[in-house]
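Undergrad: Input structure: coords-v7.cif, which contains mmCIF, C-alpha atoms.
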```
data_work
loop_
_atom_site.label_atom_id
_atom_site.label_comp_id
_atom_site.auth_asym_id
_atom_site.auth_seq_id
_atom_site.Cartn_x
_atom_site.Cartn_y
_atom_site.Cartn_z
CA MET A 1 26.56 -4.09 14.86
CA SER A 2 23.61 -5.27 16.95
CA THR A 3 20.60 -6.76 15.20
CA ILE A 4 17.19 -5.23 15.83
CA GLU A 5 16.28 -8.26 17.95
CA GLU A 6 19.40 -7.83 20.08
CA LYS A 7 18.52 -4.17 20.64
CA ALA A 8 14.96 -5.11 21.60
CA LEU A 9 16.19 -7.72 24.07
CA LYS A 10 18.47 -5.08 25.60
CA ILE A 11 15.41 -2.86 26.09
CA LEU A 12 13.62 -5.73 27.83
CA ASN A 13 16.57 -6.20 30.16
CA ILE A 14 16.70 -2.47 30.95
CA LEU A 15 13.00 -2.58 31.85
CA SER A 16 13.65 -5.68 33.94
CA GLU A 17 16.41 -3.87 35.83
CA HIS A 18 13.76 -1.30 36.75
CA LYS A 19 11.47 -4.09 38.03
CA HIS A 20 9.14 -4.13 35.03
CA GLU A 21 7.97 -7.20 33.12
CA SER A 22 8.28 -6.88 29.33
CA TYR A 23 8.15 -8.90 26.10
CA ILE A 24 8.63 -8.70 22.35
CA VAL A 25 5.19 -9.45 20.94
CA GLY A 26 3.29 -9.77 17.68
CA GLY A 27 4.24 -9.70 14.02
CA TYR A 28 8.00 -9.91 14.36
CA LEU A 29 7.81 -13.27 16.16
CA ARG A 30 5.07 -14.54 13.87
CA ASP A 31 7.30 -13.82 10.87
CA LYS A 32 10.41 -15.19 12.58
CA LEU A 33 8.70 -18.53 13.25
CA ILE A 34 7.55 -18.96 9.64
CA GLY A 35 10.85 -17.83 8.15
CA ARG A 36 9.88 -14.33 6.96
CA LYS A 37 12.19 -11.37 7.44
CA SER A 38 10.89 -8.49 9.56
CA ASN A 39 12.47 -5.37 11.02
CA ASP A 40 9.45 -4.10 12.92
CA ILE A 41 9.48 -5.05 16.60
CA ASP A 42 6.78 -4.17 19.12
CA ILE A 43 7.38 -4.39 22.86
CA CYS A 44 4.79 -4.62 25.62
CA THR A 45 5.48 -4.03 29.29
CA SER A 46 3.97 -3.69 32.75
CA ALA A 47 5.60 -0.23 33.00
CA THR A 48 3.22 2.69 32.62
CA PRO A 49 3.87 5.36 29.96
CA LYS A 50 5.18 7.68 32.68
CA GLU A 51 7.60 5.02 33.92
CA ILE A 52 8.77 4.28 30.36
CA MET A 53 9.48 7.98 29.79
CA GLU A 54 11.50 8.13 33.00
CA ILE A 55 13.70 5.24 31.83
CA PHE A 56 14.11 6.26 28.17
CA PRO A 57 14.68 9.98 27.47
CA ASN A 58 14.00 9.99 23.69
CA THR A 59 10.29 9.25 23.62
CA SER A 60 7.09 10.42 21.96
CA SER A 61 3.89 11.38 23.78
CA PRO A 62 1.72 8.41 24.87
CA ASN A 63 -0.97 7.25 22.43
CA TYR A 64 -3.39 4.66 23.83
CA GLY A 65 -0.68 3.54 26.21
CA SER A 66 1.91 3.24 23.42
CA ILE A 67 5.14 5.23 23.33
CA ASN A 68 7.73 5.38 20.58
CA ILE A 69 11.33 5.39 21.76
CA ILE A 70 14.64 5.71 19.92
CA TYR A 71 17.21 3.26 21.22
CA LYS A 72 20.61 2.96 19.54
CA ASN A 73 19.27 4.83 16.47
CA THR A 74 16.33 2.43 16.11
CA ASN A 75 12.63 3.14 16.67
CA PHE A 76 10.61 0.87 18.93
CA ASP A 77 6.98 1.07 20.03
CA ILE A 78 6.50 0.14 23.67
CA THR A 79 2.96 -0.41 24.89
CA THR A 80 1.78 -0.81 28.47
CA PHE A 81 -0.21 -3.97 29.26
CA ARG A 82 -3.84 -2.90 29.07
CA ARG A 83 -7.43 -3.94 28.85
CA ASP A 84 -9.67 -2.17 26.34
CA ILE A 85 -12.91 -1.43 28.15
CA LYS A 86 -14.92 0.55 25.59
CA TYR A 87 -14.65 1.10 21.83
CA GLN A 88 -16.03 4.04 19.84
CA ASP A 89 -17.41 3.88 16.28
CA ASN A 90 -16.37 0.22 15.96
CA ARG A 91 -12.76 1.29 15.75
CA LEU A 92 -10.75 2.82 18.63
CA PRO A 93 -10.78 2.11 22.36
CA VAL A 94 -11.90 5.23 24.22
CA LYS A 95 -11.53 3.71 27.65
CA ILE A 96 -8.56 1.57 28.65
CA LYS A 97 -7.16 0.25 31.90
CA TYR A 98 -3.49 -0.45 32.55
CA ILE A 99 -2.91 -3.92 33.95
CA LYS A 100 0.05 -6.05 35.09
CA SER A 101 -0.76 -9.31 33.29
CA ILE A 102 0.67 -10.17 29.87
CA LYS A 103 -1.89 -12.95 29.45
CA LYS A 104 -4.83 -10.55 29.92
CA ASP A 105 -3.17 -8.05 27.58
CA LEU A 106 -2.92 -10.67 24.83
CA LEU A 107 -6.65 -11.37 25.10
CA ARG A 108 -7.44 -7.92 23.67
CA ARG A 109 -5.38 -8.51 20.52
CA ASP A 110 -6.76 -9.28 17.06
CA PHE A 111 -5.52 -12.65 15.79
CA THR A 112 -3.96 -15.61 17.55
CA ILE A 113 -0.89 -15.61 15.29
CA ASN A 114 -0.04 -12.13 16.62
CA THR A 115 0.05 -13.16 20.28
CA ILE A 116 3.33 -15.07 20.50
CA CYS A 117 5.88 -13.45 22.87
CA MET A 118 9.60 -13.48 23.60
CA ASP A 119 11.00 -12.73 27.06
CA LYS A 120 14.22 -10.92 28.00
CA ASP A 121 16.20 -14.15 27.76
CA GLY A 122 15.04 -14.91 24.22
CA ASN A 123 12.56 -17.62 25.21
CA ILE A 124 9.47 -17.98 22.97
CA LEU A 125 6.22 -17.97 24.99
CA ASP A 126 2.84 -19.04 23.62
CA TYR A 127 0.26 -18.20 26.29
CA LEU A 128 -2.78 -18.48 23.99
CA GLU A 129 -1.60 -21.62 22.14
CA ALA A 130 -1.21 -19.81 18.83
CA LYS A 131 1.54 -22.03 17.42
CA PRO A 132 -0.90 -24.65 16.07
CA ASP A 133 -2.68 -21.91 14.06
CA LEU A 134 0.68 -20.72 12.79
CA GLU A 135 1.66 -24.25 11.79
CA LYS A 136 -1.71 -24.83 10.07
CA ARG A 137 -1.41 -21.38 8.44
CA ILE A 138 -4.77 -20.23 9.79
CA ILE A 139 -6.03 -16.70 10.53
CA LYS A 140 -8.30 -16.85 13.58
CA THR A 141 -9.42 -14.13 15.97
CA VAL A 142 -8.47 -14.13 19.62
CA GLY A 143 -11.78 -15.15 21.17
CA ASN A 144 -15.14 -14.97 19.44
CA PRO A 145 -14.91 -13.17 16.05
CA ARG A 146 -18.45 -11.93 16.57
CA TYR A 147 -17.16 -9.54 19.23
CA ARG A 148 -13.55 -9.08 18.13
CA LEU A 149 -14.42 -7.87 14.62
CA LYS A 150 -17.34 -5.73 15.70
CA GLU A 151 -15.34 -3.80 18.27
CA ASP A 152 -12.73 -2.80 15.65
CA SER A 153 -13.83 -2.95 12.00
CA LEU A 154 -10.26 -2.46 10.74
CA ARG A 155 -9.63 -6.07 11.75
CA ILE A 156 -11.81 -7.13 8.82
CA LEU A 157 -9.25 -5.76 6.38
CA ARG A 158 -6.33 -6.85 8.55
CA ALA A 159 -7.59 -10.44 8.36
CA ILE A 160 -7.63 -10.24 4.56
CA ARG A 161 -4.23 -8.57 4.54
CA PHE A 162 -2.59 -11.24 6.72
CA ALA A 163 -4.21 -14.05 4.72
CA THR A 164 -2.87 -12.41 1.57
CA ILE A 165 0.70 -11.51 2.48
CA LEU A 166 1.27 -14.70 4.50
CA ASP A 167 -0.70 -16.90 2.07
CA PHE A 168 -2.76 -18.26 5.01
CA ASP A 169 -6.36 -19.44 5.11
CA ILE A 170 -9.07 -17.83 7.26
CA ASP A 171 -10.95 -20.15 9.60
CA ALA A 172 -14.64 -20.71 8.87
CA LYS A 173 -16.10 -18.86 11.86
CA THR A 174 -13.89 -15.81 11.32
CA SER A 175 -14.79 -15.82 7.59
CA HIS A 176 -18.49 -15.84 8.43
CA TYR A 177 -18.22 -12.72 10.57
CA LEU A 178 -15.95 -10.94 8.09
CA THR A 179 -18.94 -11.04 5.75
CA GLU A 180 -21.48 -10.39 8.53
CA TYR A 181 -19.79 -7.19 9.68
CA ALA A 182 -18.36 -5.93 6.38
CA TYR A 183 -20.94 -3.11 6.44
CA LEU A 184 -19.01 -1.56 9.34
CA LEU A 185 -16.20 -0.67 6.92
CA LYS A 186 -18.33 2.22 5.67
CA LYS A 187 -17.58 4.02 8.94
CA LEU A 188 -13.83 3.53 8.53
CA SER A 189 -11.88 6.42 7.00
CA TYR A 190 -10.90 6.06 3.34
CA GLN A 191 -7.31 6.82 4.31
CA ARG A 192 -7.20 3.85 6.70
CA LYS A 193 -8.95 1.55 4.26
CA LYS A 194 -6.52 2.53 1.52
CA GLN A 195 -3.51 1.79 3.74
CA GLU A 196 -4.68 -1.80 4.17
CA LEU A 197 -5.74 -2.21 0.55
CA ASP A 198 -2.36 -0.91 -0.66
CA LYS A 199 -0.66 -3.73 1.26
CA ILE A 200 -3.06 -6.28 -0.22
CA PHE A 201 -2.69 -4.92 -3.78
CA THR A 202 1.14 -4.88 -3.62
CA SER A 203 1.47 -8.40 -2.21
CA PRO A 204 2.83 -11.17 -4.47
CA GLU A 205 -0.41 -12.96 -3.52
CA LYS A 206 -2.63 -10.01 -4.50
CA GLU A 207 -4.90 -12.23 -6.59
CA LYS A 208 -5.75 -14.21 -3.47
CA GLY A 209 -6.50 -11.01 -1.54
CA ILE A 210 -8.74 -9.63 -4.27
CA LYS A 211 -10.60 -12.96 -4.49
CA LEU A 212 -11.15 -12.96 -0.72
CA LEU A 213 -12.55 -9.43 -0.80
CA VAL A 214 -14.95 -10.47 -3.55
CA ASP A 215 -15.92 -13.92 -2.24
CA LEU A 216 -16.53 -12.64 1.31
CA LYS A 217 -18.72 -9.84 -0.11
CA ILE A 218 -16.48 -7.11 1.28
CA ALA A 219 -15.72 -5.28 -2.00
CA GLY A 220 -19.12 -3.60 -2.20
CA HIS A 221 -18.77 -2.16 1.30
CA LEU A 222 -15.41 -0.73 0.23
CA GLN A 223 -17.29 0.96 -2.65
CA ILE A 224 -15.25 -0.98 -5.20
CA PRO A 225 -18.08 -2.99 -6.83
CA ASN A 226 -16.00 -3.78 -9.95
CA LEU A 227 -13.15 -5.38 -7.96
CA LYS A 228 -13.98 -8.79 -9.44
CA ASP A 229 -13.23 -7.42 -12.92
CA ILE A 230 -9.84 -5.94 -12.04
CA THR A 231 -6.78 -7.49 -13.66
CA PRO A 232 -3.99 -7.74 -11.05
CA CYS A 233 -0.77 -6.08 -12.21
CA ASP A 234 2.59 -5.24 -10.69
CA ASP A 235 1.81 -1.54 -10.45
CA LEU A 236 -0.32 -0.34 -7.52
CA ILE A 237 -1.61 2.69 -9.44
CA GLY A 238 -2.61 0.33 -12.25
CA ILE A 239 -4.88 -1.57 -9.88
CA TRP A 240 -6.40 1.59 -8.43
CA ALA A 241 -6.87 2.99 -11.97
CA GLN A 242 -9.11 0.03 -12.75
CA ALA A 243 -11.01 0.45 -9.48
CA ASN A 244 -11.87 3.99 -10.63
CA VAL A 245 -12.45 5.33 -7.13
CA ASP A 246 -10.03 8.28 -7.14
CA ASP A 247 -12.96 10.59 -6.45
CA ILE A 248 -13.53 9.04 -3.00
CA TYR A 249 -10.22 7.46 -1.94
CA PRO A 250 -7.28 9.77 -1.14
CA PHE A 251 -4.67 10.17 -3.89
CA THR A 252 -2.20 12.88 -4.85
CA LYS A 253 -2.75 15.02 -7.96
CA VAL A 254 0.09 13.15 -9.66
CA GLU A 255 -1.51 9.76 -8.88
CA LYS A 256 -4.92 10.93 -10.09
CA ASN A 257 -3.40 12.11 -13.35
CA GLN A 258 -1.56 8.79 -13.78
CA MET A 259 -4.80 6.86 -13.26
CA LYS A 260 -6.64 9.09 -15.73
CA GLN A 261 -3.92 8.52 -18.34
CA ILE A 262 -3.96 4.74 -17.80
CA ARG A 263 -7.74 4.59 -18.21
CA GLU A 264 -7.56 6.71 -21.38
CA LEU A 265 -4.85 4.58 -22.96
CA LEU A 266 -6.76 1.38 -22.22
CA THR A 267 -9.50 2.63 -24.58
CA LEU A 268 -7.01 3.27 -27.40
CA ASP A 269 -4.60 1.30 -29.58
CA ILE A 270 -1.54 1.15 -27.28
CA ASP A 271 0.74 0.05 -30.13
CA ASN A 272 -0.08 3.13 -32.20
CA PRO A 273 3.21 5.08 -32.37
CA TYR A 274 1.57 8.40 -31.53
CA ASN A 275 -0.34 6.97 -28.54
CA LEU A 276 2.81 5.27 -27.26
CA TYR A 277 4.72 8.54 -27.63
CA LYS A 278 2.00 10.71 -26.10
CA TYR A 279 1.30 8.56 -23.01
CA GLY A 280 4.88 7.44 -22.41
CA LEU A 281 6.52 4.18 -21.40
CA TYR A 282 5.24 4.06 -17.80
CA THR A 283 1.56 4.43 -18.71
CA ALA A 284 1.96 2.06 -21.66
CA THR A 285 3.69 -0.55 -19.46
CA VAL A 286 0.83 -0.52 -16.94
CA ALA A 287 -1.74 -0.72 -19.74
CA TYR A 288 0.18 -3.62 -21.29
CA GLN A 289 0.16 -5.48 -17.97
CA ILE A 290 -3.57 -4.96 -17.62
CA LYS A 291 -4.07 -6.17 -21.21
CA GLN A 292 -1.71 -9.05 -20.36
CA LYS A 293 0.54 -8.32 -23.34
CA SER A 294 4.29 -8.89 -23.66
CA ILE A 295 6.33 -6.14 -21.99
CA SER A 296 9.40 -7.03 -24.05
CA SER A 297 7.38 -6.35 -27.22
CA LEU A 298 6.35 -3.00 -25.79
CA ASN A 299 9.93 -2.05 -24.95
CA LYS A 300 10.98 -2.88 -28.50
CA LEU A 301 8.18 -0.74 -29.94
CA TYR A 302 9.02 2.17 -27.66
CA ASN A 303 12.76 2.03 -28.27
CA ASN A 304 12.14 2.04 -32.03
CA LEU A 305 10.14 5.28 -31.94
CA PRO A 306 12.03 7.95 -33.91
CA ILE A 307 11.36 10.51 -31.16
CA HIS A 308 10.36 10.26 -27.49
CA SER A 309 9.64 13.94 -26.73
CA THR A 310 9.45 17.29 -28.51
CA LYS A 311 13.05 17.87 -27.43
CA ASP A 312 14.07 15.14 -29.85
CA ILE A 313 12.58 16.96 -32.86
CA ALA A 314 15.29 18.50 -35.03
CA LEU A 315 13.33 21.74 -35.34
CA ARG A 316 12.47 24.09 -32.45
CA ALA A 317 9.25 26.10 -32.17
CA SER A 318 11.33 29.28 -32.44
CA ASP A 319 12.77 27.99 -35.73
CA ILE A 320 9.25 27.53 -37.07
CA ALA A 321 8.22 31.07 -36.10
CA HIS A 322 11.34 32.40 -37.86
CA LEU A 323 10.65 30.37 -41.02
CA LEU A 324 7.09 31.71 -41.17
CA ASN A 325 8.13 35.28 -40.32
CA GLN A 326 5.58 35.32 -37.50
CA ALA A 327 5.72 36.14 -33.83
CA PRO A 328 5.53 33.09 -31.52
CA GLY A 329 1.95 32.12 -30.63
CA ASN A 330 -0.50 29.30 -29.97
CA TYR A 331 -0.33 28.25 -33.64
CA LEU A 332 3.09 26.72 -32.92
CA LYS A 333 1.56 24.05 -30.68
CA GLU A 334 -0.59 22.79 -33.55
CA ILE A 335 2.36 22.74 -35.94
CA MET A 336 4.60 20.92 -33.47
CA ASN A 337 1.84 18.37 -32.98
CA ASP A 338 1.67 17.89 -36.72
CA LEU A 339 5.44 17.39 -36.90
CA GLU A 340 5.27 14.79 -34.12
CA LYS A 341 2.73 12.76 -36.09
CA GLN A 342 4.59 13.14 -39.40
CA ILE A 343 7.79 11.85 -37.79
CA LEU A 344 6.17 9.12 -35.67
CA TYR A 345 4.22 7.72 -38.63
CA ASN A 346 7.44 7.80 -40.70
CA LYS A 347 6.01 10.28 -43.18
CA LEU A 348 8.92 12.63 -42.54
CA PRO A 349 12.48 11.92 -41.43
CA ASN A 350 13.59 13.77 -38.31
CA GLU A 351 16.04 15.93 -40.27
CA LYS A 352 16.14 19.70 -39.93
CA GLU A 353 16.29 20.57 -43.62
CA LYS A 354 13.43 18.28 -44.60
CA LEU A 355 11.33 19.51 -41.69
CA GLU A 356 11.98 23.12 -42.71
CA LYS A 357 10.91 22.33 -46.28
CA TYR A 358 7.71 20.71 -45.00
CA ILE A 359 6.91 23.75 -42.83
CA ILE A 360 7.40 26.22 -45.69
CA GLU A 361 5.36 24.15 -48.16
CA THR A 362 2.56 23.43 -45.71
CA TYR A 363 2.24 26.50 -43.52
CA LYS A 364 3.81 29.52 -45.27
CA LYS A 365 1.05 31.66 -46.75
#
```
In structure tokens, what does this structure look like?

TA:
Amino acid sequence: MSTIEEKALKILNILSEHKHESYIVGGYLRDKLIGRKSNDIDICTSATPKEIMEIFPNTSSPNYGSINIIYKNTNFDITTFRRDIKYQDNRLPVKIKYIKSIKKDLLRRDFTINTICMDKDGNILDYLEAKPDLEKRIIKTVGNPRYRLKEDSLRILRAIRFATILDFDIDAKTSHYLTEYAYLLKKLSYQRKKQELDKIFTSPEKEKGIKLLVDLKIAGHLQIPNLKDITPCDDLIGIWAQANVDDIYPFTKVEKNQMKQIRELLTLDIDNPYNLYKYGLYTATVAYQIKQKSISSLNKLYNNLPIHSTKDIALRASDIAHLLNQAPGNYLKEIMNDLEKQILYNKLPNEKEKLEKYIIETYKK
């Protein structure tokens, strides 16, 4: 079976057969050179979108000169060499010009470490001398950061993201303008900001990313002023729960409920059997991580609970209604809740006969 790189090189050779120059470019080669695994390959070419579509039948519609193709059951993005002439809202180019020069195309890109190329023969090409930055583990913009960051504010978060996931440093001049132009992030959609922050918060080096966002005075412009007080944990929702921004950032109803539950449990005694039972192992595990308590201790506590849901109780709600000679109603919820507490606090054994006796003595009028 061909590797993704072999498939990409085949695409380059097909484009070459049609008299078009093309290269693998960007993150895949950056990761390859520093020993990280990557399965995401981008290709750039002198072929126009129309010419690409004529060569490869399974394509998407062009988007800023980029077309997605399916080749040998693998997706590849192919982008025409271009020059970005005008940006709108400090984010997207609204006017571009197709060009024939790979070197000029690379000059529009964000960071030097993302400009290394590979030709159709597998040769590594470094037109902008990015290898020294890669070797020194430095994030630096292509050209003056004063202009590169201002034209596309997403690059501010991308710089933090790359520094985090690669464990690189950010050069002094780029750092200065990350702070200078952080206010532009307010114009960026919350969806796009969240996508970048999710990658930062799930990185093994998340603590570094969070510190950069705070130290470079970016957190406030993301409307997460309490970021400095957040305890990094392995669960993404646990980090967002502490940020407490689910009213402005986009989350599903399930995620919002999870965050609400985590915040509630953090105000309570997590080790209390009823709280542990009520909020469940997932919520308790996240709360334990935030409190920096032993997860093995939590698992032992949870496993030793006499019940883990109402289904585990030896008496059904219908049994209670029958014992009391009453029609089912809302009163059963209160009684079941009482039984949960009696069992969880070891005041009653979870045995049907003893539970029946307790119901008759306590609730039968």

Undergrad: Can you pull out every residue within 12 Å of Leu213 in chain A, counting only C-alpha atoms, but drop anything in the same chain fewer than 4 positions away, and send it as number ranges by chain?

TA: A: 156-161, 163-164, 175, 178-179, 182, 197, 200-201, 206-209, 217-228

Undergrad: Calculate how many Å separate CA of Asp126 in chain A from CA of Ile139 in chain A, rounding to one decimal.

TA: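 Taking CA of Asp126 in chain A as the start and CA of Ile139 in chain A as the end point, the length is 16.0 Å.
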
Undergrad: Please evaluate the PyMOL selection byres ((chain A and resi 44-49) around 9) against the displayed coordinates and give the resulting residues as a VMD selection string.

TA: chain A and resid 12 15 19 to 25 42 to 43 50 to 54 61 to 62 65 to 67 77 to 82 98 to 102 105

Undergrad: At what distance in Å, to one decimal, does CA of Thr283 in chain A lie from CA of Leu266 in chain A?

TA: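 So the two atoms, CA of Leu266 in chain A and CA of Thr283 in chain A, lie 9.5 Å apart.
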
Undergrad: As a check of understanding, name the residues that the PyMOL selection byres ((chain A and resi 155) around 12) selects in the supplied structure, as an MDAnalysis selection string.

TA: chainID A and resid 90:92 109:111 139:142 145:154 156:163 174:175 177:178 181:182 184:185 188 192:193 196

Undergrad: Any chance you could export the current selection's C-alpha atoms as a PDB file, in the frame of the given file?

TA:
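Printed below is result_11.pdb as written:
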```pdb
ATOM      1  CA  ASN A  90     -16.370   0.220  15.960  1.00  0.00           C
ATOM      2  CA  ARG A  91     -12.760   1.290  15.750  1.00  0.00           C
ATOM      3  CA  LEU A  92     -10.750   2.820  18.630  1.00  0.00           C
ATOM      4  CA  ARG A 109      -5.380  -8.510  20.520  1.00  0.00           C
ATOM      5  CA  ASP A 110      -6.760  -9.280  17.060  1.00  0.00           C
ATOM      6  CA  PHE A 111      -5.520 -12.650  15.790  1.00  0.00           C
ATOM      7  CA  ILE A 139      -6.030 -16.700  10.530  1.00  0.00           C
ATOM      8  CA  LYS A 140      -8.300 -16.850  13.580  1.00  0.00           C
ATOM      9  CA  THR A 141      -9.420 -14.130  15.970  1.00  0.00           C
ATOM     10  CA  VAL A 142      -8.470 -14.130  19.620  1.00  0.00           C
ATOM     11  CA  PRO A 145     -14.910 -13.170  16.050  1.00  0.00           C
ATOM     12  CA  ARG A 146     -18.450 -11.930  16.570  1.00  0.00           C
ATOM     13  CA  TYR A 147     -17.160  -9.540  19.230  1.00  0.00           C
ATOM     14  CA  ARG A 148     -13.550  -9.080  18.130  1.00  0.00           C
ATOM     15  CA  LEU A 149     -14.420  -7.870  14.620  1.00  0.00           C
ATOM     16  CA  LYS A 150     -17.340  -5.730  15.700  1.00  0.00           C
ATOM     17  CA  GLU A 151     -15.340  -3.800  18.270  1.00  0.00           C
ATOM     18  CA  ASP A 152     -12.730  -2.800  15.650  1.00  0.00           C
ATOM     19  CA  SER A 153     -13.830  -2.950  12.000  1.00  0.00           C
ATOM     20  CA  LEU A 154     -10.260  -2.460  10.740  1.00  0.00           C
ATOM     21  CA  ILE A 156     -11.810  -7.130   8.820  1.00  0.00           C
ATOM     22  CA  LEU A 157      -9.250  -5.760   6.380  1.00  0.00           C
ATOM     23  CA  ARG A 158      -6.330  -6.850   8.550  1.00  0.00           C
ATOM     24  CA  ALA A 159      -7.590 -10.440   8.360  1.00  0.00           C
ATOM     25  CA  ILE A 160      -7.630 -10.240   4.560  1.00  0.00           C
ATOM     26  CA  ARG A 161      -4.230  -8.570   4.540  1.00  0.00           C
ATOM     27  CA  PHE A 162      -2.590 -11.240   6.720  1.00  0.00           C
ATOM     28  CA  ALA A 163      -4.210 -14.050   4.720  1.00  0.00           C
ATOM     29  CA  THR A 174     -13.890 -15.810  11.320  1.00  0.00           C
ATOM     30  CA  SER A 175     -14.790 -15.820   7.590  1.00  0.00           C
ATOM     31  CA  TYR A 177     -18.220 -12.720  10.570  1.00  0.00           C
ATOM     32  CA  LEU A 178     -15.950 -10.940   8.090  1.00  0.00           C
ATOM     33  CA  TYR A 181     -19.790  -7.190   9.680  1.00  0.00           C
ATOM     34  CA  ALA A 182     -18.360  -5.930   6.380  1.00  0.00           C
ATOM     35  CA  LEU A 184     -19.010  -1.560   9.340  1.00  0.00           C
ATOM     36  CA  LEU A 185     -16.200  -0.670   6.920  1.00  0.00           C
ATOM     37  CA  LEU A 188     -13.830   3.530   8.530  1.00  0.00           C
ATOM     38  CA  ARG A 192      -7.200   3.850   6.700  1.00  0.00           C
ATOM     39  CA  LYS A 193      -8.950   1.550   4.260  1.00  0.00           C
ATOM     40  CA  GLU A 196      -4.680  -1.800   4.170  1.00  0.00           C
TER      41      GLU A 196
END
```

Undergrad: Applying 8 Å and all atoms listed in the file, which residues near Gln289 in chain A remain after dropping the ones on its own chain fewer than 6 positions away? List them as a ChimeraX atom specification.

TA: /A:233-234,295

Undergrad: How would you write, as an NGL selection string, the residues chosen by the PyMOL selection byres ((chain A and resi 275) around 12) on this structure?

TA: :A and (261-262 or 264-274 or 276-281 or 283-284 or 287 or 301-302 or 305 or 308 or 340-341 or 344-345)

Undergrad: I need the residue nearest Trp240 in chain A from this list: A:Val286, A:Leu166, A:Leu134, A:Ala314. Use all atoms listed in the file for the distance.

TA: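 Closest candidate: A:Val286.
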
Undergrad: Can you work out the spacing between CA of Ile85 in chain A and CA of Ser16 in chain A in Å, to one decimal?

TA: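 These two atoms are separated by 27.5 Å.
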
Undergrad: At a cut-off of 12 Å, using all atoms listed in the file, what residues contact Asp40 in chain A? Leave out same-chain residues fewer than 3 positions from it and give the result as a ChimeraX atom specification.

TA: /A:3-5,7-8,24-32,36-37,43,74-78

Undergrad: For the residues in that selection, give me C-alpha atoms as an mmCIF file, keeping the file's coordinate frame.

TA:
```cif
data_model
loop_
_atom_site.group_PDB
_atom_site.id
_atom_site.type_symbol
_atom_site.label_atom_id
_atom_site.label_comp_id
_atom_site.auth_asym_id
_atom_site.auth_seq_id
_atom_site.Cartn_x
_atom_site.Cartn_y
_atom_site.Cartn_z
ATOM 1 C CA THR A 3 20.600 -6.760 15.200
ATOM 2 C CA ILE A 4 17.190 -5.230 15.830
ATOM 3 C CA GLU A 5 16.280 -8.260 17.950
ATOM 4 C CA LYS A 7 18.520 -4.170 20.640
ATOM 5 C CA ALA A 8 14.960 -5.110 21.600
ATOM 6 C CA ILE A 24 8.630 -8.700 22.350
ATOM 7 C CA VAL A 25 5.190 -9.450 20.940
ATOM 8 C CA GLY A 26 3.290 -9.770 17.680
ATOM 9 C CA GLY A 27 4.240 -9.700 14.020
ATOM 10 C CA TYR A 28 8.000 -9.910 14.360
ATOM 11 C CA LEU A 29 7.810 -13.270 16.160
ATOM 12 C CA ARG A 30 5.070 -14.540 13.870
ATOM 13 C CA ASP A 31 7.300 -13.820 10.870
ATOM 14 C CA LYS A 32 10.410 -15.190 12.580
ATOM 15 C CA ARG A 36 9.880 -14.330 6.960
ATOM 16 C CA LYS A 37 12.190 -11.370 7.440
ATOM 17 C CA ILE A 43 7.380 -4.390 22.860
ATOM 18 C CA THR A 74 16.330 2.430 16.110
ATOM 19 C CA ASN A 75 12.630 3.140 16.670
ATOM 20 C CA PHE A 76 10.610 0.870 18.930
ATOM 21 C CA ASP A 77 6.980 1.070 20.030
ATOM 22 C CA ILE A 78 6.500 0.140 23.670
#
```

Undergrad: Can you pull out every residue within 12 Å of Lys311 in chain A, counting only C-alpha atoms, but drop anything in the same chain fewer than 5 positions away, and send it as a ChimeraX atom specification?

TA: /A:306,316-317,336,340,350

Undergrad: Can you write just those residues out, C-alpha atoms, as a compact mmCIF listing (two decimals), in the frame of the given file?

TA:
```
# COMPACT_ATOMS: atom_id res chain seq x y z
CA PRO A 306 12.03 7.95 -33.91
CA ARG A 316 12.47 24.09 -32.45
CA ALA A 317 9.25 26.10 -32.17
CA MET A 336 4.60 20.92 -33.47
CA GLU A 340 5.27 14.79 -34.12
CA ASN A 350 13.59 13.77 -38.31
```

Undergrad: Would you mind listing what lies within 9 Å of Tyr249 in chain A as a ChimeraX atom specification, with only C-alpha atoms counted and same-chain residues fewer than 4 positions away left out?

TA: /A:190-191,193-194,245

Undergrad: Can range 163-167 of chain A be brought up to N, CA, C and O atoms and written out as an mmCIF file, keeping the file's coordinate frame?

TA:
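Wrote it out as result_23.cif, contents follow:
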```cif
data_model
loop_
_atom_site.group_PDB
_atom_site.id
_atom_site.type_symbol
_atom_site.label_atom_id
_atom_site.label_comp_id
_atom_site.auth_asym_id
_atom_site.auth_seq_id
_atom_site.Cartn_x
_atom_site.Cartn_y
_atom_site.Cartn_z
ATOM 1 N N ALA A 163 -3.986 -12.853 5.545
ATOM 2 C CA ALA A 163 -4.210 -14.050 4.720
ATOM 3 C C ALA A 163 -3.525 -13.903 3.368
ATOM 4 O O ALA A 163 -3.017 -14.884 2.805
ATOM 5 N N THR A 164 -3.472 -12.675 2.875
ATOM 6 C CA THR A 164 -2.870 -12.410 1.570
ATOM 7 C C THR A 164 -1.347 -12.460 1.623
ATOM 8 O O THR A 164 -0.710 -13.234 0.919
ATOM 9 N N ILE A 165 -0.762 -11.621 2.491
ATOM 10 C CA ILE A 165 0.700 -11.510 2.480
ATOM 11 C C ILE A 165 1.391 -12.752 3.045
ATOM 12 O O ILE A 165 2.524 -13.058 2.672
ATOM 13 N N LEU A 166 0.691 -13.481 3.931
ATOM 14 C CA LEU A 166 1.270 -14.700 4.500
ATOM 15 C C LEU A 166 0.862 -15.947 3.723
ATOM 16 O O LEU A 166 1.413 -17.019 3.951
ATOM 17 N N ASP A 167 -0.106 -15.780 2.816
ATOM 18 C CA ASP A 167 -0.700 -16.900 2.070
ATOM 19 C C ASP A 167 -1.277 -17.925 3.046
ATOM 20 O O ASP A 167 -1.040 -19.131 2.934
#
```
